[in-house]
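Notes to accompany the following structure.
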Amino acid sequence: MDAGEVVSGFFASRLTGIEYLSAWTRSGMPLRNWLRNGIHLHVHELRRSRQRERRIESNTEAVEAAAEDEAAPFERLWVLSVLNGAVREVARELDARGRPAEWRMFWQHHIEEQSHEAVGRVFGCSASESAQICFRVRGMLRDSIAATLCADGIRDEAVLREILDMMEVLRGS
Amino acid sequence: MDPDAMDTVQPMSPAQASQLLSAVLGRHATPLDRLLARCAALDGTSWTSEVLRSHESETESVEGCRGLKDRAKALIAEPSEEGHDPAAFLSYLYSIAVACDTHGVMISTAAPEEVARGLASAALHLDTTWREIFLRAAARIRSQVV
């Protein structure tokens, strides 16, 4: 399948009705970002579908390994793209609310592995307040990731499974 | 303000991304994923050495390994909202690795391939000495010579 066929397939799958473009108008995102995210997910779906077909047609480990090797770099880029987008959105939202420190608190605790006590000392709050703030920011990130996935066709009930799959993709990095 | 012009956040590395996903997943992340995310932090290797050094004397006997495994398993069974305790899971894997590599005994009833995969994945983040113990144990479990 060449790039032109992939793009045509993407538009055919998304533009059979007005729902996809209606969702774009509600998103507030630039159309190029919306379409870029959508085509990434479409290619992701095609690769997974081809992997499933190969497993049904031939159960050799070599075929699966080759398919996974081929998809792996794209999958990792896609996951990083989704996460970077969610991070930018949440940081921007907190900044707009006048609470940029909350993003830094979340980062120090979850990425730099600082305890809530240590984070609280730096930002002048208690450990439990730090925990509450990090919990809230975590929820914003989860909602942002879920919104990206749902906007591109993942059902609500499948979002957790999709995020677990994203974790598995990164494990292969 | 043009949101596309705003760039207060730098793109993440794959290691940071796994930590972020682990945070988002919370208690839904597997113990192995939570451990690997902890290891991905900048102090990951030194943190693992600190955890493993604290248990060295306990693993001098098979009974000690079993005791460590059971205590770690109890902690893993009750994850907090933020997820499974990575130190507990590392301790769990360590007890199995030493029992297998040093004492020649398999003390885990979990599926051998799952245990071997956990040991091999964690080994990549350990200092050389511990890494060899984990990798040898994984190889023995996979070849079923335990």
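Here, A, B, ... name the chains of the structure tokens in the order displayed, residue numbers run from 1 inside each chain, and ligands are numbered from 1 in the same displayed order.
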* Asked: Would you list which chain B residues are within 7 Å of chain A using only C-alpha atoms, as a list in words?
  -> Val9, Pro11, Met12, Pro14, Gln16, Ala17, Ser18, Gln19, Leu20, Leu21, Ala23, Val24 and Ala41 of chain B
* Compile the contact shell of segment 60-75 of chain B as a PyMOL selection string: residues with an atom at most 12 Å away, counting only C-alpha atoms, same-chain residues fewer than 3 positions apart removed. => chain B and resi 31+52+54-57+78-80+83-110
* **Test item: residues at most 9 Å from Glu117 of chain A, only C-alpha atoms, excluding those fewer than 6 positions along its chain, as a count of residues only** => 5
